[in-house]
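**Q** Data: my_file_31.txt, compact mmCIF, C-alpha atoms.
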```txt
# COMPACT_ATOMS: atom_id res chain seq x y z
CA MET A 1 0.00 0.00 0.00
CA ASP A 2 1.51 3.38 -1.01
CA ARG A 3 1.60 6.37 1.33
CA ARG A 4 -1.45 8.07 -0.16
CA ASN A 5 -3.69 4.99 0.06
CA MET A 6 -2.35 4.12 3.50
CA LEU A 7 -3.15 7.63 4.78
CA ARG A 8 -6.57 7.51 3.21
CA ALA A 9 -7.35 4.15 4.81
CA THR A 10 -6.18 5.45 8.18
CA VAL A 11 -8.31 8.59 8.02
CA LEU A 12 -11.40 6.81 6.76
CA GLY A 13 -11.02 4.08 9.33
CA ALA A 14 -10.77 6.62 12.13
CA GLY A 15 -13.68 8.70 10.93
CA ALA A 16 -16.19 6.09 9.79
CA VAL A 17 -17.49 5.29 13.26
CA ALA A 18 -16.96 8.60 15.00
CA LEU A 19 -18.55 10.95 12.50
CA PRO A 20 -22.22 10.37 11.74
CA PHE A 21 -23.55 13.08 9.41
CA THR A 22 -27.08 14.06 8.56
CA ALA A 23 -28.95 16.17 6.02
CA TRP A 24 -27.06 18.05 3.29
CA SER A 25 -23.65 17.79 4.93
CA ALA A 26 -23.96 14.00 5.08
CA ALA A 27 -22.59 13.90 1.55
CA TYR A 28 -19.27 15.31 2.73
CA ALA A 29 -18.30 12.33 4.83
CA ALA A 30 -14.82 11.54 3.47
CA PRO A 31 -11.90 13.30 1.77
CA ALA A 32 -12.84 14.11 -1.83
CA GLN A 33 -11.55 11.87 -4.62
CA ASN A 34 -10.78 12.46 -8.31
CA ALA A 35 -13.68 12.24 -10.74
CA SER A 36 -15.00 13.78 -13.93
CA GLY A 37 -16.36 17.26 -13.35
CA PRO A 38 -20.08 18.07 -13.41
CA TYR A 39 -19.54 20.34 -16.43
CA GLY A 40 -17.31 18.12 -18.54
CA PRO A 41 -13.68 18.54 -19.60
CA LEU A 42 -11.86 21.83 -19.98
CA GLN A 43 -11.70 23.32 -23.46
CA SER A 44 -8.69 25.04 -25.03
CA ALA A 45 -7.68 28.35 -23.50
CA ASN A 46 -9.79 31.30 -24.69
CA SER A 47 -8.55 34.78 -25.57
CA HIS A 48 -8.08 35.54 -21.85
CA GLY A 49 -5.92 32.47 -21.38
CA ILE A 50 -8.64 30.68 -19.39
CA GLN A 51 -9.63 27.07 -19.94
CA LEU A 52 -13.32 26.53 -19.19
CA PRO A 53 -15.87 23.76 -19.72
CA ALA A 54 -18.08 23.99 -22.80
CA GLY A 55 -20.86 26.57 -22.45
CA PHE A 56 -18.92 28.91 -20.15
CA THR A 57 -17.44 32.28 -21.13
CA SER A 58 -15.17 34.80 -19.40
CA GLN A 59 -14.68 38.53 -19.43
CA ILE A 60 -12.15 40.89 -17.88
CA VAL A 61 -13.88 43.26 -15.48
CA ALA A 62 -10.94 45.31 -14.21
CA ARG A 63 -7.14 45.55 -14.22
CA SER A 64 -4.93 46.89 -11.45
CA GLY A 65 -3.69 50.41 -12.13
CA GLN A 66 -6.25 50.96 -14.87
CA VAL A 67 -9.60 52.72 -14.82
CA VAL A 68 -12.48 50.27 -14.47
CA PRO A 69 -14.24 50.46 -17.88
CA GLY A 70 -17.35 52.62 -17.69
CA THR A 71 -16.13 54.47 -14.56
CA SER A 72 -13.49 56.98 -13.51
CA TYR A 73 -12.10 54.76 -10.71
CA THR A 74 -8.64 53.15 -10.91
CA TRP A 75 -8.71 49.51 -9.77
CA HIS A 76 -6.48 48.58 -6.83
CA SER A 77 -3.32 46.47 -6.81
CA ALA A 78 -3.19 42.82 -5.73
CA PRO A 79 -6.95 42.06 -5.70
CA ASP A 80 -7.64 39.34 -3.15
CA GLY A 81 -10.70 38.15 -1.18
CA GLY A 82 -14.11 39.16 -2.47
CA ALA A 83 -17.87 38.83 -2.19
CA VAL A 84 -21.05 39.81 -4.04
CA PHE A 85 -23.94 41.85 -2.57
CA ALA A 86 -27.38 42.40 -4.09
CA ASN A 87 -28.30 46.10 -4.08
CA GLY A 88 -31.84 46.14 -5.47
CA SER A 89 -30.91 47.16 -9.01
CA GLY A 90 -28.13 44.65 -9.64
CA TRP A 91 -25.17 43.71 -7.48
CA VAL A 92 -21.83 44.85 -6.08
CA TYR A 93 -18.55 42.95 -6.19
CA VAL A 94 -16.16 43.82 -3.36
CA SER A 95 -12.44 43.06 -3.51
CA ASN A 96 -9.61 43.46 -0.99
CA SER A 97 -6.16 44.81 -1.85
CA GLU A 98 -3.30 42.78 -0.39
CA VAL A 99 -0.67 45.52 -0.30
CA SER A 100 0.55 47.87 2.42
CA SER A 101 -1.29 51.04 3.35
CA SER A 102 1.44 53.07 1.63
CA SER A 103 0.61 51.28 -1.63
CA GLY A 104 -3.16 51.53 -1.26
CA GLY A 105 -4.37 48.56 0.78
CA GLY A 106 -8.01 48.50 1.84
CA ALA A 107 -10.84 47.41 -0.43
CA SER A 108 -12.84 48.58 -3.44
CA ARG A 109 -16.17 47.82 -5.07
CA ILE A 110 -17.59 47.54 -8.59
CA LEU A 111 -21.32 48.13 -9.15
CA PHE A 112 -23.26 46.22 -11.81
CA ASP A 113 -26.77 46.63 -13.17
CA SER A 114 -29.17 43.72 -13.56
CA SER A 115 -27.64 42.79 -16.92
CA GLY A 116 -24.12 42.59 -15.49
CA ALA A 117 -22.90 45.86 -17.01
CA VAL A 118 -20.57 48.01 -14.89
CA VAL A 119 -22.26 51.19 -13.66
CA GLY A 120 -19.79 52.41 -11.05
CA ALA A 121 -16.72 51.72 -8.92
CA SER A 122 -15.20 53.26 -5.80
CA ARG A 123 -13.08 52.66 -2.71
CA ILE A 124 -14.75 51.48 0.51
CA LEU A 125 -11.68 51.13 2.76
CA SER A 126 -8.32 52.94 2.84
CA GLY A 127 -5.24 53.16 5.04
CA THR A 128 -5.09 49.49 6.07
CA ASN A 129 -2.47 46.81 5.52
CA ASN A 130 -2.42 43.62 3.47
CA ASN A 131 -6.16 43.09 3.35
CA CYS A 132 -6.22 39.47 2.27
CA ALA A 133 -9.53 37.66 2.61
CA GLY A 134 -12.63 38.41 4.68
CA GLY A 135 -16.29 37.53 4.76
CA LYS A 136 -19.81 38.70 4.04
CA THR A 137 -22.31 39.27 6.85
CA PRO A 138 -26.08 38.67 6.71
CA TRP A 139 -26.58 42.44 7.17
CA ASN A 140 -24.67 43.13 3.93
CA THR A 141 -21.34 44.32 5.24
CA TRP A 142 -17.91 43.06 4.18
CA LEU A 143 -15.40 42.07 6.85
CA SER A 144 -12.00 43.01 5.42
CA CYS A 145 -9.20 41.25 7.28
CA GLU A 146 -5.58 42.38 7.64
CA GLU A 147 -3.04 39.59 7.15
CA VAL A 148 -0.30 41.06 9.34
CA SER A 149 0.82 40.46 12.91
CA LEU A 150 -1.77 42.05 15.19
CA GLY A 151 -3.94 42.57 12.13
CA ARG A 152 -7.49 43.82 12.54
CA VAL A 153 -10.93 43.20 11.10
CA TRP A 154 -12.58 46.17 9.40
CA GLU A 155 -16.32 46.19 8.81
CA THR A 156 -17.03 47.90 5.49
CA TYR A 157 -20.27 48.93 3.82
CA PRO A 158 -20.50 47.97 0.12
CA LEU A 159 -24.02 49.42 -0.13
CA GLY A 160 -23.00 52.72 1.50
CA GLY A 161 -21.44 53.76 4.78
CA THR A 162 -18.09 54.39 6.50
CA ALA A 163 -15.77 51.53 7.41
CA VAL A 164 -15.26 50.79 11.12
CA VAL A 165 -12.52 48.77 12.84
CA ARG A 166 -13.72 45.87 15.02
CA PRO A 167 -10.99 45.24 17.65
CA ALA A 168 -13.19 42.90 19.70
CA MET A 169 -12.79 40.33 16.92
CA GLY A 170 -9.15 39.91 17.89
CA ARG A 171 -5.77 41.09 16.67
CA PHE A 172 -3.78 38.42 14.86
CA LYS A 173 -2.75 37.50 11.32
CA HIS A 174 -6.29 37.41 10.01
CA GLU A 175 -7.26 35.68 6.81
CA ALA A 176 -10.94 34.91 6.22
CA ALA A 177 -14.27 35.18 8.02
CA ALA A 178 -17.60 33.37 7.64
CA ALA A 179 -20.89 34.31 9.28
CA ASP A 180 -23.10 31.66 10.86
CA PRO A 181 -26.60 33.16 11.26
CA ASP A 182 -27.89 30.00 12.94
CA ARG A 183 -25.53 30.26 15.92
CA ARG A 184 -25.02 34.01 15.50
CA VAL A 185 -21.24 33.80 15.37
CA ILE A 186 -18.42 34.72 12.97
CA TYR A 187 -15.69 32.14 12.23
CA LEU A 188 -12.15 33.40 11.65
CA THR A 189 -9.00 31.79 10.19
CA GLU A 190 -5.38 32.67 11.01
CA ASP A 191 -2.57 32.46 8.45
CA GLU A 192 0.26 31.14 10.61
CA THR A 193 2.01 27.76 10.43
CA ASN A 194 0.56 27.13 13.89
CA GLY A 195 -2.54 29.23 13.34
CA LYS A 196 -5.78 28.65 15.16
CA PHE A 197 -9.47 28.60 14.21
CA TYR A 198 -11.64 31.11 16.06
CA ARG A 199 -15.22 32.20 16.46
CA PHE A 200 -16.49 35.59 17.57
CA ILE A 201 -19.77 35.79 19.46
CA PRO A 202 -21.19 39.33 19.24
CA THR A 203 -22.97 40.68 22.28
CA THR A 204 -25.78 41.61 19.88
CA TRP A 205 -26.13 39.86 16.52
CA GLY A 206 -25.63 42.42 13.79
CA ASP A 207 -23.36 44.60 15.95
CA LEU A 208 -19.68 43.58 15.96
CA SER A 209 -18.50 46.32 18.32
CA SER A 210 -18.38 43.98 21.33
CA GLY A 211 -18.45 40.29 22.09
CA ALA A 212 -16.36 37.25 23.01
CA LEU A 213 -13.52 35.67 21.02
CA GLN A 214 -13.13 31.90 21.34
CA VAL A 215 -10.68 29.37 19.90
CA LEU A 216 -11.25 25.77 18.79
CA VAL A 217 -9.86 23.14 21.14
CA ALA A 218 -9.30 19.59 19.85
CA GLY A 219 -6.78 16.77 19.61
CA SER A 220 -3.95 16.44 17.12
CA GLY A 221 -5.75 14.07 14.73
CA THR A 222 -7.48 14.80 11.44
CA SER A 223 -10.89 13.91 12.84
CA GLY A 224 -12.63 13.93 16.19
CA SER A 225 -14.66 16.17 18.45
CA PHE A 226 -13.99 19.77 19.42
CA THR A 227 -14.97 22.41 21.95
CA TRP A 228 -14.54 26.18 22.22
CA ALA A 229 -12.54 28.08 24.84
CA ALA A 230 -12.39 31.79 25.61
CA VAL A 231 -9.36 33.75 24.39
CA PRO A 232 -8.39 35.78 27.51
CA ASP A 233 -6.81 38.70 25.66
CA PRO A 234 -8.11 39.24 22.10
CA ASP A 235 -5.67 42.17 21.71
CA GLY A 236 -2.89 39.61 21.31
CA SER A 237 -0.36 41.58 23.33
CA PRO A 238 1.91 40.77 25.02
CA THR A 239 0.93 37.13 24.30
CA VAL A 240 -0.34 36.34 20.80
CA THR A 241 -3.87 34.94 20.69
CA ARG A 242 -2.78 31.58 19.28
CA SER A 243 -0.62 30.94 22.36
CA GLN A 244 -3.12 31.86 25.05
CA VAL A 245 -5.22 28.69 25.33
CA SER A 246 -3.74 25.30 26.17
CA GLY A 247 -5.11 22.60 23.86
CA ALA A 248 -6.12 24.95 21.06
CA LYS A 249 -5.75 23.01 17.82
CA SER A 250 -3.14 24.24 15.34
CA PHE A 251 -3.82 24.52 11.61
CA ASN A 252 -1.06 25.03 9.06
CA GLY A 253 -1.76 28.30 7.30
CA GLY A 254 -5.48 29.02 7.62
CA GLU A 255 -6.97 30.55 4.47
CA GLY A 256 -10.54 30.63 3.10
CA CYS A 257 -13.69 29.97 5.12
CA HIS A 258 -17.29 29.19 4.09
CA TYR A 259 -20.45 28.41 6.09
CA SER A 260 -23.64 26.68 4.97
CA ASP A 261 -26.27 24.44 6.53
CA ASN A 262 -24.70 23.78 9.95
CA THR A 263 -21.28 23.15 8.42
CA VAL A 264 -18.22 25.36 8.13
CA TRP A 265 -15.36 24.59 5.77
CA PHE A 266 -11.95 26.21 5.88
CA THR A 267 -8.70 25.67 4.03
CA THR A 268 -5.09 25.32 5.15
CA LYS A 269 -2.52 26.14 2.50
CA GLY A 270 0.46 24.74 4.41
CA ASP A 271 -0.75 21.16 4.02
CA ASN A 272 -3.23 21.47 1.11
CA ARG A 273 -6.29 20.54 3.12
CA VAL A 274 -9.95 21.51 3.33
CA TRP A 275 -11.34 21.01 6.84
CA GLN A 276 -14.99 20.47 7.67
CA LEU A 277 -16.68 21.18 10.99
CA ASN A 278 -20.07 19.63 11.66
CA LEU A 279 -21.57 22.20 14.00
CA THR A 280 -24.57 20.08 14.91
CA ASN A 281 -22.51 17.51 16.80
CA ASN A 282 -19.20 19.39 17.19
CA THR A 283 -17.03 17.06 15.14
CA TYR A 284 -14.37 17.79 12.55
CA GLU A 285 -12.77 15.91 9.66
CA LEU A 286 -11.07 16.37 6.30
CA ALA A 287 -13.11 17.26 3.24
CA TYR A 288 -9.95 17.21 1.11
CA ASP A 289 -6.28 16.33 1.49
CA ASP A 290 -3.93 16.18 -1.47
CA ASN A 291 -2.17 13.15 0.11
CA LEU A 292 -5.42 11.19 0.22
CA VAL A 293 -6.53 11.54 -3.41
CA SER A 294 -6.82 8.51 -5.68
CA PRO A 295 -6.61 7.46 -8.39
CA GLY A 296 -4.02 9.67 -10.04
CA SER A 297 -2.47 12.90 -8.83
CA ALA A 298 -4.20 15.48 -6.66
CA PRO A 299 -5.80 18.28 -8.71
CA LEU A 300 -5.80 20.88 -5.94
CA THR A 301 -2.60 22.32 -4.42
CA GLY A 302 -1.89 25.72 -2.94
CA VAL A 303 -5.34 25.50 -1.35
CA ASP A 304 -6.65 29.02 -0.72
CA ASN A 305 -9.96 30.94 -0.99
CA ILE A 306 -13.18 28.94 -0.86
CA THR A 307 -16.83 29.65 -1.63
CA GLY A 308 -19.99 27.66 -2.18
CA SER A 309 -22.74 27.61 -4.79
CA THR A 310 -26.47 27.48 -4.13
CA PHE A 311 -26.35 23.86 -5.36
CA GLY A 312 -23.96 22.90 -2.57
CA ASP A 313 -20.74 22.61 -4.57
CA LEU A 314 -17.57 24.02 -3.03
CA TYR A 315 -15.26 26.07 -5.26
CA VAL A 316 -11.65 26.23 -4.06
CA ALA A 317 -9.06 28.56 -5.61
CA GLU A 318 -5.34 27.88 -5.86
CA ASP A 319 -2.48 30.07 -4.73
CA GLY A 320 -0.01 28.86 -7.34
CA GLY A 321 -0.46 25.21 -8.24
CA ASN A 322 -1.78 25.08 -11.79
CA MET A 323 -3.75 28.31 -11.30
CA GLU A 324 -7.03 26.45 -11.06
CA ILE A 325 -10.38 26.71 -9.36
CA CYS A 326 -11.48 23.22 -8.38
CA VAL A 327 -14.97 22.05 -7.49
CA ILE A 328 -15.81 19.60 -4.69
CA THR A 329 -19.29 18.15 -5.09
CA PRO A 330 -21.59 16.94 -2.27
CA ASP A 331 -20.76 13.32 -3.17
CA ASP A 332 -17.05 13.81 -2.36
CA LYS A 333 -15.78 14.23 -5.93
CA ILE A 334 -13.16 16.79 -6.92
CA SER A 335 -12.35 18.09 -10.37
CA VAL A 336 -10.90 21.15 -12.09
CA PHE A 337 -13.51 23.77 -13.01
CA LEU A 338 -11.18 26.27 -14.69
CA ARG A 339 -7.48 26.89 -15.32
CA ILE A 340 -5.69 30.16 -16.04
CA THR A 341 -2.72 29.71 -18.35
CA GLY A 342 0.35 31.92 -18.70
CA GLN A 343 0.13 33.31 -15.15
CA GLY A 344 2.30 30.93 -13.16
CA SER A 345 3.57 33.66 -10.81
CA SER A 346 0.10 34.63 -9.63
CA GLU A 347 -2.69 33.21 -7.49
CA ILE A 348 -6.47 33.02 -7.84
CA CYS A 349 -8.42 35.04 -5.27
CA GLY A 350 -11.87 36.21 -4.31
CA PRO A 351 -14.24 33.68 -5.93
CA ALA A 352 -17.84 34.81 -5.36
CA PHE A 353 -21.18 34.06 -7.03
CA THR A 354 -23.95 36.49 -7.91
CA PRO A 355 -27.28 35.98 -6.11
CA ALA A 356 -28.68 34.14 -9.15
CA GLY A 357 -25.67 31.82 -9.13
CA ASN A 358 -24.93 32.16 -12.84
CA ARG A 359 -21.84 34.39 -12.62
CA LEU A 360 -18.60 33.76 -10.77
CA TYR A 361 -16.23 36.66 -10.05
CA PHE A 362 -12.58 36.14 -9.11
CA SER A 363 -9.15 37.69 -9.57
CA SER A 364 -5.67 36.70 -10.63
CA GLN A 365 -3.75 38.67 -8.03
CA ARG A 366 -0.61 39.35 -10.08
CA GLY A 367 -1.81 38.53 -13.60
CA THR A 368 0.68 37.90 -16.38
CA SER A 369 3.29 40.26 -14.92
CA GLY A 370 3.80 38.49 -11.60
CA SER A 371 3.57 41.88 -9.90
CA SER A 372 0.89 43.22 -7.54
CA SER A 373 0.32 46.01 -10.06
CA GLY A 374 -0.71 43.46 -12.69
CA GLY A 375 -3.85 42.05 -11.07
CA ILE A 376 -6.83 41.08 -13.24
CA THR A 377 -10.43 40.64 -12.09
CA TYR A 378 -12.64 38.31 -14.14
CA CYS A 379 -16.23 37.17 -14.44
CA VAL A 380 -17.20 33.71 -15.71
CA THR A 381 -20.77 33.20 -16.92
CA GLY A 382 -22.42 29.90 -17.75
CA PRO A 383 -24.75 27.05 -16.75
CA PHE A 384 -23.67 26.70 -13.14
CA ARG A 385 -25.64 24.19 -11.10
CA THR A 386 -28.08 26.05 -8.85
```
How would this structure read if it were set down as structure tokens?
**A**
Amino acid sequence: MDRRNMLRATVLGAGAVALPFTAWSAAYAAPAQNASGPYGPLQSANSHGIQLPAGFTSQIVARSGQVVPGTSYTWHSAPDGGAVFANGSGWVYVSNSEVSSSSGGGASRILFDSSGAVVGASRILSGTNNNCAGGKTPWNTWLSCEEVSLGRVWETYPLGGTAVVRPAMGRFKHEAAAADPDRRVIYLTEDETNGKFYRFIPTTWGDLSSGALQVLVAGSGTSGSFTWAAVPDPDGSPTVTRSQVSGAKSFNGGEGCHYSDNTVWFTTKGDNRVWQLNLTNNTYELAYDDNLVSPGSAPLTGVDNITGSTFGDLYVAEDGGNMEICVITPDDKISVFLRITGQGSSEICGPAFTPAGNRLYFSSQRGTSGSSSGGITYCVTGPFRT
């Protein structure tokens, strides 16, 4: 038995008895395996250098350092995490800028009408550092997270309003956030080799100005049960938050985070994994591990941003790898949805669907140039499963 199959057998053997799943999340009961994609094979690269399944098309929405077509606003450098918000007449795509405050930082938005045409663009956050990923709230704000030591979470207002810092959500090397309206908490990832997984419990749901920060406590295995423990000092000084609670489980480079139907998924780039927490019975396991894929080689490496479709598919973007967005289906199958060619020094960021589910926005952070000033933001349209 080779290492990959041995690891897979070990993980499945450990999890088969301990992890009963119900409802929609029951489908995600084992690490995903290679299979044909739900949309068929990739076609040859189009004029944008993107390989897509038949029936899908792409367009360039914006380029870093250039005016967004149809507006007077210059798009930011290094576009990263993003989300889409309905605004009554169309939608808004929000994107972070993963550069220092001296180079811009913060976040911007692009406004679209109901046909998908650009009707405006502007900045919604300035003066912040290395805004990497973040998360959308049920009250239509965007949590823009700073990926620096003692980084902060900024609550921004894509539909109008002034950004506000939220120190109660902790100061650490923030990556992504995901809102859980059922438990009224916000989950947070930390991009450190020994990073932790947190949740923030607001004093009042919808108001992030005060509340309690907790960290996940669990064993060292890849599956099992977990609990939450209070972080004594969310300010992270003089002791960093990840070192304050004995037994807090470490995750190697926390990245994207997505919540749906009593389940939260998050990615760890350091070991190319997608983790899954069943919040109904407080258990965790692997939804994907590149060492556990068979047959053939693992399609997903450089595991980074993650989002979900209304159908229940997970879309996971690569930082490096083959510059792909891969799809993990509810029956534990993984395949490549798209591949960007000719941009090997970049990463894919900010995947987000429109409310109708038929458009997927994302960015290549450094584009063809390999520089933060060369970012490209795209939209893919087609027959997505909804």
**Q** Extract, using only C-alpha atoms, all DNA, RNA and protein residues at most 6 Å from Leu286 (chain A), discarding same-chain residues fewer than 6 positions from it, and format them as a list in words.
**A**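 Residues meeting the cut-off are Pro31, Trp275 and Gln276 of chain A.
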**Q** Mind running region 125-227 of chain A against region 295-312 of chain A at 12 Å and telling me each contacting residue's nearest atom pair with the distance in Å (one decimal), counting only C-alpha atoms, chain and number ascending, as CSV?
**A**
```
residue,atom,partner,partner_atom,distance
A:Cys132,CA,A:Asn305,CA,9.9
A:Ala133,CA,A:Asn305,CA,7.6
A:Gly134,CA,A:Asn305,CA,9.8
A:Gly135,CA,A:Thr307,CA,10.2
A:Lys136,CA,A:Thr307,CA,11.1
A:Glu175,CA,A:Asn305,CA,9.5
A:Ala176,CA,A:Asn305,CA,8.3
A:Ala177,CA,A:Asn305,CA,10.9
A:Ala178,CA,A:Thr307,CA,10.0
A:Thr189,CA,A:Asn305,CA,11.3
A:Asp191,CA,A:Asp304,CA,10.6
```
**Q** Mind pulling up the distance from CA of Gln365 (chain A) to CA of Thr267 (chain A)?
**A**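 Going from CA of Thr267 (chain A) over to CA of Gln365 (chain A) covers 18.4 Å.
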**Q** Please, what distance in Å, to one decimal, runs between CA of Ala229 (chain A) and CA of Asn282 (chain A)?
**A**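 Atom-to-atom, CA of Ala229 (chain A) to CA of Asn282 (chain A), that is 13.4 Å.
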**Q** Which residues of region 178-294 of chain A have any atom within 10 Å of an atom in region 148-162 of chain A when counting all atoms listed in the file, and what is the closest pair of atoms for each, with the distance in Å to one decimal? Order the rows by chain and rising number and write it as a tab-separated table.
**A**
```
residue	atom	partner	partner_atom	distance
A:Leu188	CA	A:Val153	CA	9.9
A:Glu190	CA	A:Val148	CA	9.9
A:Asp191	CA	A:Val148	CA	8.9
A:Glu192	CA	A:Ser149	CA	9.6
A:Leu208	CA	A:Glu155	CA	8.3
A:Ser209	CA	A:Glu155	CA	9.8
A:Pro234	CA	A:Leu150	CA	9.8
A:Asp235	CA	A:Leu150	CA	7.6
A:Gly236	CA	A:Leu150	CA	6.7
A:Ser237	CA	A:Leu150	CA	8.3
A:Val240	CA	A:Leu150	CA	8.1
A:Thr241	CA	A:Leu150	CA	9.2
```
**Q** Give me a file of those residues, with C-alpha atoms, as a PDB file, in the frame of the given file.
**A**
```pdb
ATOM      1  CA  LEU A 188     -12.150  33.400  11.650  1.00  0.00           C
ATOM      2  CA  GLU A 190      -5.380  32.670  11.010  1.00  0.00           C
ATOM      3  CA  ASP A 191      -2.570  32.460   8.450  1.00  0.00           C
ATOM      4  CA  GLU A 192       0.260  31.140  10.610  1.00  0.00           C
ATOM      5  CA  LEU A 208     -19.680  43.580  15.960  1.00  0.00           C
ATOM      6  CA  SER A 209     -18.500  46.320  18.320  1.00  0.00           C
ATOM      7  CA  PRO A 234      -8.110  39.240  22.100  1.00  0.00           C
ATOM      8  CA  ASP A 235      -5.670  42.170  21.710  1.00  0.00           C
ATOM      9  CA  GLY A 236      -2.890  39.610  21.310  1.00  0.00           C
ATOM     10  CA  SER A 237      -0.360  41.580  23.330  1.00  0.00           C
ATOM     11  CA  VAL A 240      -0.340  36.340  20.800  1.00  0.00           C
ATOM     12  CA  THR A 241      -3.870  34.940  20.690  1.00  0.00           C
TER      13      THR A 241
END
```
**Q** Quick one: residues within 12 Å of Ser95 (chain A), all atoms listed in the file, excluding same-chain residues fewer than 6 positions away - as a PDB file with C-alpha atoms, keeping the file's coordinate frame?
**A**
```pdb
ATOM      1  CA  ALA A  62     -10.940  45.310 -14.210  1.00  0.00           C
ATOM      2  CA  SER A  64      -4.930  46.890 -11.450  1.00  0.00           C
ATOM      3  CA  TRP A  75      -8.710  49.510  -9.770  1.00  0.00           C
ATOM      4  CA  HIS A  76      -6.480  48.580  -6.830  1.00  0.00           C
ATOM      5  CA  SER A  77      -3.320  46.470  -6.810  1.00  0.00           C
ATOM      6  CA  ALA A  78      -3.190  42.820  -5.730  1.00  0.00           C
ATOM      7  CA  PRO A  79      -6.950  42.060  -5.700  1.00  0.00           C
ATOM      8  CA  ASP A  80      -7.640  39.340  -3.150  1.00  0.00           C
ATOM      9  CA  GLY A  81     -10.700  38.150  -1.180  1.00  0.00           C
ATOM     10  CA  GLY A  82     -14.110  39.160  -2.470  1.00  0.00           C
ATOM     11  CA  ALA A  83     -17.870  38.830  -2.190  1.00  0.00           C
ATOM     12  CA  VAL A  84     -21.050  39.810  -4.040  1.00  0.00           C
ATOM     13  CA  PHE A  85     -23.940  41.850  -2.570  1.00  0.00           C
ATOM     14  CA  GLY A 105      -4.370  48.560   0.780  1.00  0.00           C
ATOM     15  CA  GLY A 106      -8.010  48.500   1.840  1.00  0.00           C
ATOM     16  CA  ALA A 107     -10.840  47.410  -0.430  1.00  0.00           C
ATOM     17  CA  SER A 108     -12.840  48.580  -3.440  1.00  0.00           C
ATOM     18  CA  ARG A 109     -16.170  47.820  -5.070  1.00  0.00           C
ATOM     19  CA  ILE A 110     -17.590  47.540  -8.590  1.00  0.00           C
ATOM     20  CA  LEU A 111     -21.320  48.130  -9.150  1.00  0.00           C
ATOM     21  CA  ALA A 121     -16.720  51.720  -8.920  1.00  0.00           C
ATOM     22  CA  SER A 122     -15.200  53.260  -5.800  1.00  0.00           C
ATOM     23  CA  ARG A 123     -13.080  52.660  -2.710  1.00  0.00           C
ATOM     24  CA  ILE A 124     -14.750  51.480   0.510  1.00  0.00           C
ATOM     25  CA  LEU A 125     -11.680  51.130   2.760  1.00  0.00           C
ATOM     26  CA  ASN A 131      -6.160  43.090   3.350  1.00  0.00           C
ATOM     27  CA  CYS A 132      -6.220  39.470   2.270  1.00  0.00           C
ATOM     28  CA  ALA A 133      -9.530  37.660   2.610  1.00  0.00           C
ATOM     29  CA  GLY A 134     -12.630  38.410   4.680  1.00  0.00           C
ATOM     30  CA  GLY A 135     -16.290  37.530   4.760  1.00  0.00           C
ATOM     31  CA  LYS A 136     -19.810  38.700   4.040  1.00  0.00           C
ATOM     32  CA  TRP A 142     -17.910  43.060   4.180  1.00  0.00           C
ATOM     33  CA  LEU A 143     -15.400  42.070   6.850  1.00  0.00           C
ATOM     34  CA  SER A 144     -12.000  43.010   5.420  1.00  0.00           C
ATOM     35  CA  CYS A 145      -9.200  41.250   7.280  1.00  0.00           C
ATOM     36  CA  THR A 156     -17.030  47.900   5.490  1.00  0.00           C
ATOM     37  CA  PRO A 158     -20.500  47.970   0.120  1.00  0.00           C
ATOM     38  CA  CYS A 349      -8.420  35.040  -5.270  1.00  0.00           C
ATOM     39  CA  GLY A 350     -11.870  36.210  -4.310  1.00  0.00           C
ATOM     40  CA  PRO A 351     -14.240  33.680  -5.930  1.00  0.00           C
ATOM     41  CA  ALA A 352     -17.840  34.810  -5.360  1.00  0.00           C
ATOM     42  CA  TYR A 361     -16.230  36.660 -10.050  1.00  0.00           C
ATOM     43  CA  PHE A 362     -12.580  36.140  -9.110  1.00  0.00           C
ATOM     44  CA  SER A 363      -9.150  37.690  -9.570  1.00  0.00           C
ATOM     45  CA  SER A 364      -5.670  36.700 -10.630  1.00  0.00           C
ATOM     46  CA  GLN A 365      -3.750  38.670  -8.030  1.00  0.00           C
ATOM     47  CA  GLY A 375      -3.850  42.050 -11.070  1.00  0.00           C
ATOM     48  CA  ILE A 376      -6.830  41.080 -13.240  1.00  0.00           C
ATOM     49  CA  THR A 377     -10.430  40.640 -12.090  1.00  0.00           C
ATOM     50  CA  TYR A 378     -12.640  38.310 -14.140  1.00  0.00           C
TER      51      TYR A 378
END
```
**Q** Which of these, A:Ala248, A:Ala168, A:Ala54, A:Ala86, has the shortest distance to Trp139 (chain A) once you count only C-alpha atoms?
**A** A:Ala86
**Q** For Gly70 (chain A), work out the shell of residues within 7 Å, counting only C-alpha atoms and skipping chain neighbours fewer than 2 positions away, then give it as a list in words.
**A**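 Residues near the query, excluding close chain neighbours: Val68, Val118 and Val119 of chain A.
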**Q** Show me as a list of chain:residue names the residues that reach within 8 Å of (-22.6, 37.4, 20.5), counting all atoms listed in the file and using the file's own coordinates.
**A**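 Within the cut-off we find A:Arg184, A:Val185, A:Phe200, A:Ile201, A:Pro202, A:Thr203, A:Thr204, A:Trp205, A:Ser210, A:Gly211, A:Ala212.
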**Q** Pick out the closest residue to Asp331 (chain A) from this set: A:Tyr39, A:Gln214, A:Val164, A:Asn34. Count only C-alpha atoms.
**A**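 Checking each of A:Tyr39, A:Gln214, A:Val164, A:Asn34 against Asp331 (chain A), counting only C-alpha atoms, the winner is A:Asn34.
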**Q** Mind giving me the straight-line distance from CA of Arg359 (chain A) to CA of Arg339 (chain A) in Å, one decimal?
**A**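 Separating CA of Arg359 (chain A) from CA of Arg339 (chain A) is a distance of 16.4 Å.
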**Q** So, with only C-alpha atoms as the atoms that count, which of A:Val336, A:Ala356, A:Ala179, A:Ser373 lies closest to Ser115 (chain A)?
**A**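 Counting only C-alpha atoms, the residue closest to Ser115 (chain A) is A:Ala356.
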